[in-house]
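Asker: If it helps, the file is called query_14.pdb and holds PDB, C-alpha atoms:
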MODEL        1
ATOM      1  CA  MET A 274      56.174  95.982  69.440
ATOM      2  CA  MET A 275      58.260  98.132  67.075
ATOM      3  CA  ASN A 276      62.046  98.167  67.077
ATOM      4  CA  THR A 277      63.410 100.183  69.970
ATOM      5  CA  PHE A 278      65.209 103.357  68.921
ATOM      6  CA  PHE A 279      65.083 105.307  72.193
ATOM      7  CA  SER A 280      65.506 103.955  75.701
ATOM      8  CA  VAL A 281      64.202 106.366  78.313
ATOM      9  CA  ILE A 282      65.538 105.777  81.827
ATOM     10  CA  VAL A 283      63.494 107.224  84.702
ATOM     11  CA  PRO A 284      64.907 106.737  88.210
ATOM     12  CA  VAL A 285      62.037 106.717  90.712
ATOM     13  CA  TYR A 286      62.413 107.355  94.405
ATOM     14  CA  ASN A 287      59.239 108.381  96.252
ATOM     15  CA  LYS A 288      57.855 110.297  93.294
ATOM     16  CA  SER A 289      54.224 109.192  93.529
ATOM     17  CA  CYS A 290      52.949 112.783  93.503
ATOM     18  CA  TYR A 291      54.545 113.503  90.141
ATOM     19  CA  LEU A 292      55.069 110.120  88.518
ATOM     20  CA  SER A 293      51.849 110.036  86.503
ATOM     21  CA  ALA A 294      52.556 113.396  84.876
ATOM     22  CA  CYS A 295      56.069 112.235  84.010
ATOM     23  CA  VAL A 296      55.184 108.797  82.623
ATOM     24  CA  ASP A 297      52.040 109.910  80.799
ATOM     25  CA  SER A 298      53.994 112.641  79.002
ATOM     26  CA  ILE A 299      56.274 109.933  77.627
ATOM     27  CA  LEU A 300      53.686 107.278  76.780
ATOM     28  CA  ASN A 301      51.084 109.594  75.253
ATOM     29  CA  GLN A 302      53.107 110.575  72.222
ATOM     30  CA  PRO A 303      52.553 109.860  68.517
ATOM     31  CA  TYR A 304      55.756 107.819  68.343
ATOM     32  CA  ASP A 305      56.242 104.191  69.299
ATOM     33  CA  SER A 306      59.854 103.192  68.755
ATOM     34  CA  PHE A 307      60.932 103.499  72.370
ATOM     35  CA  GLU A 308      61.043 101.700  75.679
ATOM     36  CA  LEU A 309      60.482 103.282  79.051
ATOM     37  CA  ILE A 310      62.574 101.873  81.888
ATOM     38  CA  LEU A 311      61.270 102.799  85.321
ATOM     39  CA  VAL A 312      63.878 102.137  88.003
ATOM     40  CA  ASP A 313      62.259 101.963  91.424
ATOM     41  CA  ASP A 314      65.178 102.841  93.685
ATOM     42  CA  GLY A 315      63.788 101.453  96.926
ATOM     43  CA  SER A 316      60.773 103.753  97.124
ATOM     44  CA  THR A 317      58.673 103.632 100.290
ATOM     45  CA  ASP A 318      55.566 105.374  98.914
ATOM     46  CA  GLU A 319      53.126 104.236  96.221
ATOM     47  CA  SER A 320      55.670 104.572  93.414
ATOM     48  CA  PRO A 321      56.508 100.823  93.105
ATOM     49  CA  ASP A 322      52.860  99.884  92.606
ATOM     50  CA  MET A 323      52.382 102.700  90.120
ATOM     51  CA  CYS A 324      55.388 101.496  88.130
ATOM     52  CA  ASP A 325      54.087  97.937  88.036
ATOM     53  CA  GLN A 326      50.657  99.123  86.919
ATOM     54  CA  TYR A 327      52.173 101.000  84.004
ATOM     55  CA  ALA A 328      54.112  97.892  82.983
ATOM     56  CA  ARG A 329      50.940  95.781  83.076
ATOM     57  CA  ASN A 330      49.097  98.255  80.882
ATOM     58  CA  ASP A 331      51.812  99.040  78.336
ATOM     59  CA  GLU A 332      54.367  96.646  76.879
ATOM     60  CA  ARG A 333      56.782  99.491  76.229
ATOM     61  CA  VAL A 334      57.300  99.881  79.980
ATOM     62  CA  LYS A 335      59.901  97.889  81.887
ATOM     63  CA  VAL A 336      60.273  98.076  85.647
ATOM     64  CA  ILE A 337      63.336  97.446  87.788
ATOM     65  CA  HIS A 338      62.925  97.219  91.568
ATOM     66  CA  LYS A 339      66.148  97.602  93.514
ATOM     67  CA  PRO A 340      67.309  98.633  96.999
ATOM     68  CA  ASN A 341      67.904 102.335  97.409
ATOM     69  CA  GLY A 342      71.306 103.230  96.020
ATOM     70  CA  GLY A 343      70.950 106.714  94.595
ATOM     71  CA  LEU A 344      70.600 108.242  91.168
ATOM     72  CA  VAL A 345      73.844 106.860  89.723
ATOM     73  CA  SER A 346      73.081 103.272  90.679
ATOM     74  CA  ALA A 347      69.548 103.636  89.301
ATOM     75  CA  ARG A 348      70.822 104.929  85.961
ATOM     76  CA  ILE A 349      73.392 102.145  85.782
ATOM     77  CA  ALA A 350      70.679  99.549  86.421
ATOM     78  CA  GLY A 351      68.484 101.110  83.757
ATOM     79  CA  SER A 352      71.254 101.285  81.170
ATOM     80  CA  GLU A 353      72.054  97.593  81.642
ATOM     81  CA  ARG A 354      68.506  96.752  80.531
ATOM     82  CA  ALA A 355      68.352  99.329  77.734
ATOM     83  CA  LEU A 356      67.964  98.033  74.175
ATOM     84  CA  GLY A 357      67.644 101.329  72.307
ATOM     85  CA  GLU A 358      70.144 102.946  69.968
ATOM     86  CA  TYR A 359      69.951 106.183  71.957
ATOM     87  CA  ILE A 360      69.480 106.668  75.687
ATOM     88  CA  CYS A 361      67.548 109.543  77.229
ATOM     89  CA  CYS A 362      67.297 110.391  80.934
ATOM     90  CA  VAL A 363      64.167 111.812  82.534
ATOM     91  CA  ASP A 364      63.768 112.591  86.223
ATOM     92  CA  GLY A 365      60.662 111.211  87.902
ATOM     93  CA  ASP A 366      59.210 114.611  88.818
ATOM     94  CA  ASP A 367      59.753 116.208  85.396
ATOM     95  CA  TRP A 368      57.957 115.750  82.076
ATOM     96  CA  VAL A 369      58.633 116.001  78.352
ATOM     97  CA  ASP A 370      57.118 117.963  75.482
ATOM     98  CA  PRO A 371      54.524 116.256  73.234
ATOM     99  CA  THR A 372      57.019 116.518  70.341
ATOM    100  CA  TYR A 373      59.877 115.007  72.383
ATOM    101  CA  PHE A 374      60.381 111.803  70.395
ATOM    102  CA  ALA A 375      59.264 113.053  66.993
ATOM    103  CA  ARG A 376      61.603 116.039  67.053
ATOM    104  CA  MET A 377      64.595 114.076  68.329
ATOM    105  CA  ASN A 378      63.987 111.333  65.795
ATOM    106  CA  ALA A 379      63.741 113.779  62.894
ATOM    107  CA  VAL A 380      67.048 115.415  63.781
ATOM    108  CA  ILE A 381      68.865 112.146  64.422
ATOM    109  CA  GLN A 382      67.669 110.557  61.180
ATOM    110  CA  GLU A 383      69.016 113.552  59.288
ATOM    111  CA  SER A 384      72.451 114.018  60.877
ATOM    112  CA  HIS A 385      73.058 110.865  63.006
ATOM    113  CA  PRO A 386      74.958 112.627  65.813
ATOM    114  CA  ASP A 387      76.491 110.771  68.718
ATOM    115  CA  ILE A 388      74.845 113.295  71.048
ATOM    116  CA  LEU A 389      71.822 115.524  70.541
ATOM    117  CA  TYR A 390      71.499 118.614  72.755
ATOM    118  CA  PHE A 391      68.122 120.347  73.053
ATOM    119  CA  GLY A 392      66.575 123.118  75.138
ATOM    120  CA  TYR A 393      64.517 122.774  78.289
ATOM    121  CA  ILE A 394      62.108 124.811  80.375
ATOM    122  CA  THR A 395      62.376 125.270  84.129
ATOM    123  CA  VAL A 396      58.987 125.531  85.824
ATOM    124  CA  ASN A 397      58.343 126.850  89.341
ATOM    125  CA  GLN A 398      55.708 128.779  91.227
ATOM    126  CA  ASP A 399      56.891 132.032  89.634
ATOM    127  CA  GLY A 400      56.518 130.876  86.037
ATOM    128  CA  GLN A 401      58.748 129.385  83.381
ATOM    129  CA  THR A 402      62.312 129.989  82.262
ATOM    130  CA  VAL A 403      63.532 128.788  78.876
ATOM    131  CA  PHE A 404      67.084 127.444  78.629
ATOM    132  CA  LYS A 405      68.881 127.250  75.294
ATOM    133  CA  GLU A 406      72.455 126.073  74.936
ATOM    134  CA  LYS A 407      74.716 129.075  74.389
ATOM    135  CA  LYS A 408      76.427 127.432  71.456
ATOM    136  CA  ALA A 409      74.948 127.980  68.018
ATOM    137  CA  GLU A 410      72.399 125.531  66.665
ATOM    138  CA  GLY A 411      73.798 123.079  64.179
ATOM    139  CA  TYR A 412      75.946 120.028  63.565
ATOM    140  CA  TYR A 413      79.402 119.787  65.121
ATOM    141  CA  CYS A 414      81.909 117.318  63.711
ATOM    142  CA  LYS A 415      84.901 116.260  65.839
ATOM    143  CA  GLU A 416      87.003 119.191  64.667
ATOM    144  CA  ASP A 417      84.163 121.595  65.514
ATOM    145  CA  ILE A 418      83.715 119.968  68.925
ATOM    146  CA  ILE A 419      87.402 120.430  69.718
ATOM    147  CA  LYS A 420      87.477 124.056  68.592
ATOM    148  CA  GLN A 421      84.071 125.283  69.768
ATOM    149  CA  ILE A 422      82.843 123.037  72.585
ATOM    150  CA  TYR A 423      85.956 121.871  74.426
ATOM    151  CA  PRO A 424      87.105 125.402  75.494
ATOM    152  CA  ASP A 425      84.231 125.736  77.981
ATOM    153  CA  LEU A 426      83.125 122.149  78.344
ATOM    154  CA  LEU A 427      83.533 121.937  82.124
ATOM    155  CA  GLN A 428      84.336 125.477  83.332
ATOM    156  CA  ASN A 429      86.259 128.150  81.464
ATOM    157  CA  PRO A 430      88.174 131.072  83.103
ATOM    158  CA  GLN A 431      84.959 133.118  83.188
ATOM    159  CA  ALA A 432      83.154 130.208  84.919
ATOM    160  CA  ARG A 433      81.003 129.513  81.851
ATOM    161  CA  PHE A 434      80.250 125.939  80.856
ATOM    162  CA  MET A 435      78.114 123.737  78.649
ATOM    163  CA  SER A 436      74.969 122.316  80.224
ATOM    164  CA  PRO A 437      76.033 119.122  82.044
ATOM    165  CA  SER A 438      72.445 117.872  82.348
ATOM    166  CA  LEU A 439      71.690 114.425  80.964
ATOM    167  CA  CYS A 440      68.011 115.312  80.694
ATOM    168  CA  ASN A 441      68.477 117.659  77.727
ATOM    169  CA  LYS A 442      70.398 115.100  75.682
ATOM    170  CA  ALA A 443      69.943 111.947  73.671
ATOM    171  CA  ILE A 444      73.187 109.963  73.688
ATOM    172  CA  ARG A 445      74.203 107.013  71.546
ATOM    173  CA  ALA A 446      73.747 103.978  73.782
ATOM    174  CA  ASP A 447      77.227 102.496  73.496
ATOM    175  CA  ILE A 448      78.807 105.791  74.560
ATOM    176  CA  TYR A 449      76.373 106.372  77.420
ATOM    177  CA  LYS A 450      76.587 102.854  78.848
ATOM    178  CA  ALA A 451      80.395 102.813  78.857
ATOM    179  CA  GLN A 452      80.605 106.089  80.764
ATOM    180  CA  GLN A 453      77.678 105.668  83.173
ATOM    181  CA  ARG A 454      78.941 102.379  84.575
ATOM    182  CA  ARG A 455      82.303 103.987  85.507
ATOM    183  CA  ILE A 456      80.757 106.463  87.951
ATOM    184  CA  ASP A 457      81.047 105.809  91.680
ATOM    185  CA  PRO A 458      77.486 105.367  93.049
ATOM    186  CA  ARG A 459      78.502 107.488  96.055
ATOM    187  CA  THR A 460      78.351 110.501  93.749
ATOM    188  CA  THR A 461      75.176 112.325  94.732
ATOM    189  CA  ILE A 462      76.024 115.819  93.457
ATOM    190  CA  GLY A 463      77.345 116.392  89.947
ATOM    191  CA  GLU A 464      76.124 113.001  88.708
ATOM    192  CA  ASP A 465      75.173 114.444  85.331
ATOM    193  CA  ALA A 466      78.546 116.091  84.735
ATOM    194  CA  ALA A 467      80.302 112.866  85.713
ATOM    195  CA  CYS A 468      78.588 111.143  82.795
ATOM    196  CA  SER A 469      78.037 113.887  80.227
ATOM    197  CA  LEU A 470      81.646 115.151  80.273
ATOM    198  CA  PRO A 471      83.256 111.857  79.175
ATOM    199  CA  CYS A 472      80.390 111.263  76.729
ATOM    200  CA  VAL A 473      81.188 114.539  74.977
ATOM    201  CA  LEU A 474      84.892 113.666  74.937
ATOM    202  CA  GLU A 475      84.050 110.334  73.286
ATOM    203  CA  ALA A 476      81.600 111.817  70.778
ATOM    204  CA  SER A 477      82.576 112.209  67.143
ATOM    205  CA  SER A 478      79.595 114.430  66.403
ATOM    206  CA  ILE A 479      77.111 116.590  68.283
ATOM    207  CA  GLN A 480      73.901 118.264  67.138
ATOM    208  CA  ILE A 481      72.493 121.266  69.006
ATOM    209  CA  ILE A 482      68.897 122.431  68.609
ATOM    210  CA  TYR A 483      67.101 125.148  70.556
ATOM    211  CA  ASP A 484      63.721 123.393  70.735
ATOM    212  CA  SER A 485      62.564 123.106  74.355
ATOM    213  CA  LEU A 486      61.673 119.426  74.677
ATOM    214  CA  TYR A 487      61.986 118.937  78.435
ATOM    215  CA  TYR A 488      60.249 120.460  81.465
ATOM    216  CA  TYR A 489      62.237 120.598  84.686
ATOM    217  CA  ARG A 490      60.131 120.994  87.815
ATOM    218  CA  ARG A 491      61.508 123.125  90.643
ATOM    219  CA  ASN A 492      59.562 123.193  93.886
ATOM    220  CA  ASP A 493      60.094 124.079  97.516
ATOM    221  CA  ILE A 494      60.854 120.516  98.546
ATOM    222  CA  SER A 495      63.246 119.833  95.685
ATOM    223  CA  MET A 496      66.574 118.495  96.876
ATOM    224  CA  THR A 497      68.290 120.971  94.585
ATOM    225  CA  ILE A 498      66.699 123.889  96.426
ATOM    226  CA  LYS A 499      66.236 122.795 100.022
ATOM    227  CA  LYS A 500      69.141 123.857 102.262
ATOM    228  CA  HIS A 501      70.981 120.790 103.484
ATOM    229  CA  SER A 502      74.576 119.708 103.981
ATOM    230  CA  TYR A 503      76.285 117.679 101.276
ATOM    231  CA  ARG A 504      78.387 114.645 102.141
ATOM    232  CA  TRP A 505      82.114 115.115 101.582
ATOM    233  CA  GLU A 506      82.459 111.553 100.316
ATOM    234  CA  SER A 507      80.223 112.463  97.384
ATOM    235  CA  LEU A 508      82.458 115.358  96.347
ATOM    236  CA  GLU A 509      85.567 113.223  96.699
ATOM    237  CA  ALA A 510      84.048 110.517  94.492
ATOM    238  CA  LEU A 511      83.087 113.122  91.875
ATOM    239  CA  ALA A 512      86.456 114.890  91.962
ATOM    240  CA  MET A 513      88.393 111.629  91.648
ATOM    241  CA  HIS A 514      86.207 110.560  88.747
ATOM    242  CA  LEU A 515      86.644 113.833  86.872
ATOM    243  CA  ARG A 516      90.409 113.709  87.379
ATOM    244  CA  LYS A 517      90.509 110.250  85.806
ATOM    245  CA  VAL A 518      88.394 111.463  82.896
ATOM    246  CA  CYS A 519      90.756 114.395  82.293
ATOM    247  CA  VAL A 520      93.944 112.290  82.226
ATOM    248  CA  GLY A 521      95.358 112.176  78.709
ATOM    249  CA  GLN A 522      92.975 114.813  77.388
ATOM    250  CA  PHE A 523      93.878 118.334  76.254
ATOM    251  CA  GLU A 524      95.741 120.478  78.809
ATOM    252  CA  GLU A 525      93.032 123.099  79.186
ATOM    253  CA  LEU A 526      90.619 120.426  80.407
ATOM    254  CA  SER A 527      92.799 119.840  83.456
ATOM    255  CA  GLN A 528      92.606 123.562  84.205
ATOM    256  CA  GLN A 529      88.843 123.481  83.730
ATOM    257  CA  CYS A 530      88.729 120.585  86.182
ATOM    258  CA  ASP A 531      90.637 122.634  88.755
ATOM    259  CA  ARG A 532      88.049 125.415  88.494
ATOM    260  CA  TYR A 533      85.159 122.970  88.667
ATOM    261  CA  ILE A 534      86.519 121.237  91.777
ATOM    262  CA  GLU A 535      87.281 124.523  93.539
ATOM    263  CA  HIS A 536      83.785 125.846  92.788
ATOM    264  CA  ALA A 537      82.223 122.561  93.939
ATOM    265  CA  PHE A 538      84.335 122.593  97.109
ATOM    266  CA  PHE A 539      83.031 126.076  97.905
ATOM    267  CA  ASN A 540      79.406 124.919  97.530
ATOM    268  CA  PHE A 541      80.016 121.855  99.686
ATOM    269  CA  ALA A 542      81.809 123.906 102.327
ATOM    270  CA  VAL A 543      78.972 126.443 102.514
ATOM    271  CA  SER A 544      76.442 123.620 102.825
ATOM    272  CA  GLN A 545      78.165 122.311 105.960
ATOM    273  CA  PHE A 546      76.732 125.226 107.932
ATOM    274  CA  TYR A 547      73.238 123.757 107.430
ATOM    275  CA  ASN A 548      74.021 120.567 109.340
ATOM    276  CA  GLY A 549      73.213 121.879 112.829
ATOM    277  CA  LYS A 550      76.756 121.544 114.176
ATOM    278  CA  SER A 551      78.699 124.386 115.755
ATOM    279  CA  TYR A 552      80.730 126.884 113.746
ATOM    280  CA  HIS A 553      83.925 125.483 115.286
ATOM    281  CA  GLN A 554      83.062 121.908 114.321
ATOM    282  CA  ASN A 555      82.246 122.877 110.743
ATOM    283  CA  SER A 556      85.238 125.163 110.278
ATOM    284  CA  THR A 557      87.543 122.406 111.525
ATOM    285  CA  SER A 558      85.948 119.906 109.161
ATOM    286  CA  ILE A 559      86.232 122.255 106.182
ATOM    287  CA  ARG A 560      89.912 122.999 106.857
ATOM    288  CA  ASP A 561      90.612 119.275 107.225
ATOM    289  CA  GLU A 562      89.003 118.596 103.865
ATOM    290  CA  MET A 563      91.011 121.419 102.270
ATOM    291  CA  GLN A 564      94.205 119.533 103.100
ATOM    292  CA  LYS A 565      93.268 116.532 100.969
ATOM    293  CA  PRO A 566      95.419 116.539  97.813
ATOM    294  CA  ILE A 567      92.421 116.239  95.468
ATOM    295  CA  TYR A 568      91.104 119.595  96.741
ATOM    296  CA  HIS A 569      94.334 121.288  97.817
ATOM    297  CA  GLU A 570      95.903 121.013  94.371
ATOM    298  CA  ALA A 571      92.768 122.174  92.547
ATOM    299  CA  ILE A 572      92.385 125.190  94.822
ATOM    300  CA  ARG A 573      96.063 126.049  94.435
ATOM    301  CA  ARG A 574      95.962 125.929  90.625
ATOM    302  CA  ALA A 575      92.475 127.275  89.856
ATOM    303  CA  ARG A 576      92.281 130.690  88.196
ATOM    304  CA  PHE A 577      89.201 132.705  87.198
ATOM    305  CA  HIS A 578      89.152 135.871  85.092
ATOM    306  CA  ASN A 579      86.722 138.803  84.973
ATOM    307  CA  ARG A 580      84.268 137.328  87.489
ATOM    308  CA  LYS A 581      84.415 139.178  90.810
ATOM    309  CA  GLU A 582      82.308 136.666  92.714
ATOM    310  CA  PHE A 583      84.549 133.784  91.653
ATOM    311  CA  ALA A 584      87.665 135.818  92.420
ATOM    312  CA  LEU A 585      86.291 136.205  95.955
ATOM    313  CA  ILE A 586      85.625 132.464  96.237
ATOM    314  CA  ASP A 587      89.142 131.784  94.963
ATOM    315  CA  PHE A 588      90.688 134.216  97.467
ATOM    316  CA  CYS A 589      88.810 132.745 100.448
ATOM    317  CA  LEU A 590      89.740 129.177  99.652
ATOM    318  CA  LYS A 591      93.374 129.881  98.781
ATOM    319  CA  HIS A 592      93.763 131.684 102.113
ATOM    320  CA  LYS A 593      91.700 129.134 104.064
ATOM    321  CA  LEU A 594      89.190 131.765 105.174
ATOM    322  CA  VAL A 595      86.158 129.946 106.539
ATOM    323  CA  PHE A 596      84.231 132.800 108.140
ATOM    324  CA  PRO A 597      83.172 134.305 104.751
ATOM    325  CA  LEU A 598      81.735 130.901 103.851
ATOM    326  CA  TRP A 599      79.605 130.999 106.994
ATOM    327  CA  VAL A 600      78.446 134.503 106.068
ATOM    328  CA  PHE A 601      77.508 133.296 102.616
ATOM    329  CA  SER A 602      75.497 130.434 104.106
ATOM    330  CA  ARG A 603      73.465 132.974 106.090
ATOM    331  CA  ILE A 604      72.573 135.152 103.107
ATOM    332  CA  LYS A 605      72.228 132.471 100.428
TER     333      LYS A 605
ENDMDL
END
What is this structure when it is put down as structure tokens?

Answerer:
Amino acid sequence: MMNTFFSVIVPVYNKSCYLSACVDSILNQPYDSFELILVDDGSTDESPDMCDQYARNDERVKVIHKPNGGLVSARIAGSERALGEYICCVDGDDWVDPTYFARMNAVIQESHPDILYFGYITVNQDGQTVFKEKKAEGYYCKEDIIKQIYPDLLQNPQARFMSPSLCNKAIRADIYKAQQRRIDPRTTIGEDAACSLPCVLEASSIQIIYDSLYYYRRNDISMTIKKHSYRWESLEALAMHLRKVCVGQFEELSQQCDRYIEHAFFNFAVSQFYNGKSYHQNSTSIRDEMQKPIYHEAIRRARFHNRKEFALIDFCLKHKLVFPLWVFSRIK
């Protein structure tokens, strides 16, 4: 087996329908300096057996079986086993481009960035959408990162932000491991931002390329699309984590964090109206959550500019207006 340059972590929870397409896209590439770590997160379908079969057939595959603990715990488990110089994250129902490793390797060998950003393609029943980072292609040293990436790293006054996804990045292993293990496993929404934000803050260099190397599958049963209510404990864990990350950083980051938390609170509040409880029960719960300092202070301080929809969100939350959130849940 060749030296391991990339460690690819794939959390697997009941992904048997898509797992072969995902794993085969990684293994069937003209590049060998990688390991594939499949983390079976307590699957109850055929996924565990499929993972084990891949490991028996290919020495580059490692399998971790663990009780179900969520995406964060799966990524932590995978990173603890990772031996590569760079870590990549792939979701079990997605797949990668045939040039995935070769292109990343070529760029990294040339500029040796701490983090490599690349494009991705979203695929659904209506076709494909290509995503390219809005920042210019090229190499960013620390000074460039501070001047050009930090201003809208989390959420700027116009609600614009860098892609928080871990799946369109290759991150130097020491940076990734240090940040991933600090995330509360209760975080089930915003997991990528919880890791990618501090990784960017730690990075001394970043390379951005527009090549679309990753395919993100969206389907009707995707948890990111299906209407369901989010758990408040997940938002609290995320908000507390981001606050800790922002301490001691540049002042504008704290303001970006306020906007991010307020926007996230709005999404969580709207989702409560999908839980089957009465309007009164949900409105009471939302107002109770608003009183928690972690949300109250963010909502009080957050400011958006030149975005009418975010100005409306801001107004509703600052004035504790719950009915418009219910209306939004009906039309969303």

Asker: Please determine, counting all atoms listed in the file, which residue among A:Glu506, A:Cys361, A:Glu308, A:Ala542 has the shortest atom-to-atom distance to Pro458 of chain A.

Answerer: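 Nearest candidate to Pro458 of chain A out of A:Glu506, A:Cys361, A:Glu308, A:Ala542: A:Glu506.
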
Asker: Kindly indicate which residue among A:Glu358, A:Asp561, A:Asp331, A:Asp587 lies nearest to Val296 of chain A, using all atoms listed in the file for the distances.

Answerer: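 Checking each candidate against Val296 of chain A, we get A:Asp331 as the closest.
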
Asker: Using all atoms listed in the file, which residue out of A:Phe374, A:Tyr487, A:Tyr359, A:Tyr568 lies closest to Tyr304 of chain A?

Answerer: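 The closest residue to Tyr304 of chain A is A:Phe374.
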
Asker: Determine the nearest neighbour of Ala294 of chain A from the options A:Val369, A:Ala466, A:Leu356, A:Ile349, counting only C-alpha atoms.

Answerer: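 The closest residue to Ala294 of chain A is A:Val369.
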
Asker: How would you write as an MDAnalysis selection string the residues that get within 12 Å of (89.0, 112.4, 91.1) in the file's frame, counting only C-alpha atoms?

Answerer: chainID A and resid 456:457 460 467 506:520 527 530:531 533:534 565:568 570:571

Asker: Can you write out the residues you just picked, keeping C-alpha atoms, as a CSV table (one decimal), in the coordinates of the input?

Answerer:
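So the final result, stored in out14.csv, reads:
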chain,number,residue,atom,x,y,z
A,456,ILE,CA,80.8,106.5,88.0
A,457,ASP,CA,81.0,105.8,91.7
A,460,THR,CA,78.4,110.5,93.7
A,467,ALA,CA,80.3,112.9,85.7
A,506,GLU,CA,82.5,111.6,100.3
A,507,SER,CA,80.2,112.5,97.4
A,508,LEU,CA,82.5,115.4,96.3
A,509,GLU,CA,85.6,113.2,96.7
A,510,ALA,CA,84.0,110.5,94.5
A,511,LEU,CA,83.1,113.1,91.9
A,512,ALA,CA,86.5,114.9,92.0
A,513,MET,CA,88.4,111.6,91.6
A,514,HIS,CA,86.2,110.6,88.7
A,515,LEU,CA,86.6,113.8,86.9
A,516,ARG,CA,90.4,113.7,87.4
A,517,LYS,CA,90.5,110.2,85.8
A,518,VAL,CA,88.4,111.5,82.9
A,519,CYS,CA,90.8,114.4,82.3
A,520,VAL,CA,93.9,112.3,82.2
A,527,SER,CA,92.8,119.8,83.5
A,530,CYS,CA,88.7,120.6,86.2
A,531,ASP,CA,90.6,122.6,88.8
A,533,TYR,CA,85.2,123.0,88.7
A,534,ILE,CA,86.5,121.2,91.8
A,565,LYS,CA,93.3,116.5,101.0
A,566,PRO,CA,95.4,116.5,97.8
A,567,ILE,CA,92.4,116.2,95.5
A,568,TYR,CA,91.1,119.6,96.7
A,570,GLU,CA,95.9,121.0,94.4
A,571,ALA,CA,92.8,122.2,92.5

Asker: Can you tell me how far atom CA of Asp447 of chain A sits from atom CA of Gly315 of chain A, in Å to one decimal?

Answerer: 27.0 Å

Asker: Select, from A:Ile481, A:Trp368, A:Asn341, A:Ser320, the residue with the minimum atom-to-atom distance to Ile388 of chain A, counting all atoms listed in the file.

Answerer: A:Ile481

Asker: For the atom pair atom CA of Tyr393 of chain A and atom CA of Arg455 of chain A, what is the interatomic distance in Å to one decimal place?

Answerer: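 Pair atom CA of Tyr393 of chain A / atom CA of Arg455 of chain A returns 26.9 Å.
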
Asker: Pick out the residues sitting within 9 Å of Asn276 of chain A, and hand them over as a ChimeraX atom specification; count only C-alpha atoms, and ignore anything fewer than 3 positions along from it in its own chain.

Answerer: /A:305-307,357

Asker: Write the selection just made, keeping C-alpha atoms, as a PDB file, in the coordinates of the input?

Answerer:
ATOM      1  CA  ASP A 305      56.242 104.191  69.299  1.00  0.00           C
ATOM      2  CA  SER A 306      59.854 103.192  68.755  1.00  0.00           C
ATOM      3  CA  PHE A 307      60.932 103.499  72.370  1.00  0.00           C
ATOM      4  CA  GLY A 357      67.644 101.329  72.307  1.00  0.00           C
TER       5      GLY A 357
END

Asker: Any idea what the distance is between atom CA of Ser436 of chain A and atom CA of Gln522 of chain A?

Answerer: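 Taking atom CA of Ser436 of chain A as the start and atom CA of Gln522 of chain A as the end point, the length is 19.7 Å.
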
Asker: Would you please work out which residue, of A:Asp366, A:Asp325, A:Asp387, A:Glu332, is nearest to Ile479 of chain A when using all atoms listed in the file?

Answerer: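 For Ile479 of chain A, the nearest of the given residues is A:Asp387.
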
Asker: If I put a ball of radius 7 Å at (67.1, 128.3, 74.8) in the file's coordinates, which residues poke into it when counting all atoms listed in the file, written as number ranges by chain?

Answerer: A: 392, 403-406, 483, 485

Asker: What box, with edges along x, y and z, holds each listed atom of segment 537-555 of chain A when 4 Å is added on every side, and can you state its centre and edge lengths in Å to one decimal, as JSON?

Answerer:
{"center_x": 78.8, "center_y": 123.7, "center_z": 104.8, "size_x": 19.1, "size_y": 14.3, "size_z": 29.8}

Asker: Name the residues that the PyMOL selection byres ((chain A and resi 603) around 12) picks from the file above, as a PyMOL selection string, using the file's chain letters and numbers.

Answerer: chain A and resi 500+543-547+596-602+604-605

Asker: Could you list, as a VMD selection string, every residue matched by the PyMOL selection byres ((chain A and resi 347) around 9) in this structure?

Answerer: chain A and resid 282 to 285 312 to 314 337 339 341 to 346 348 to 352 458

Asker: Evaluated on this file, the PyMOL selection byres ((chain A and resi 418) around 9) picks out some residues - which ones are they, written as a ChimeraX atom specification?

Answerer: /A:413-417,419-423,473-474,476-479
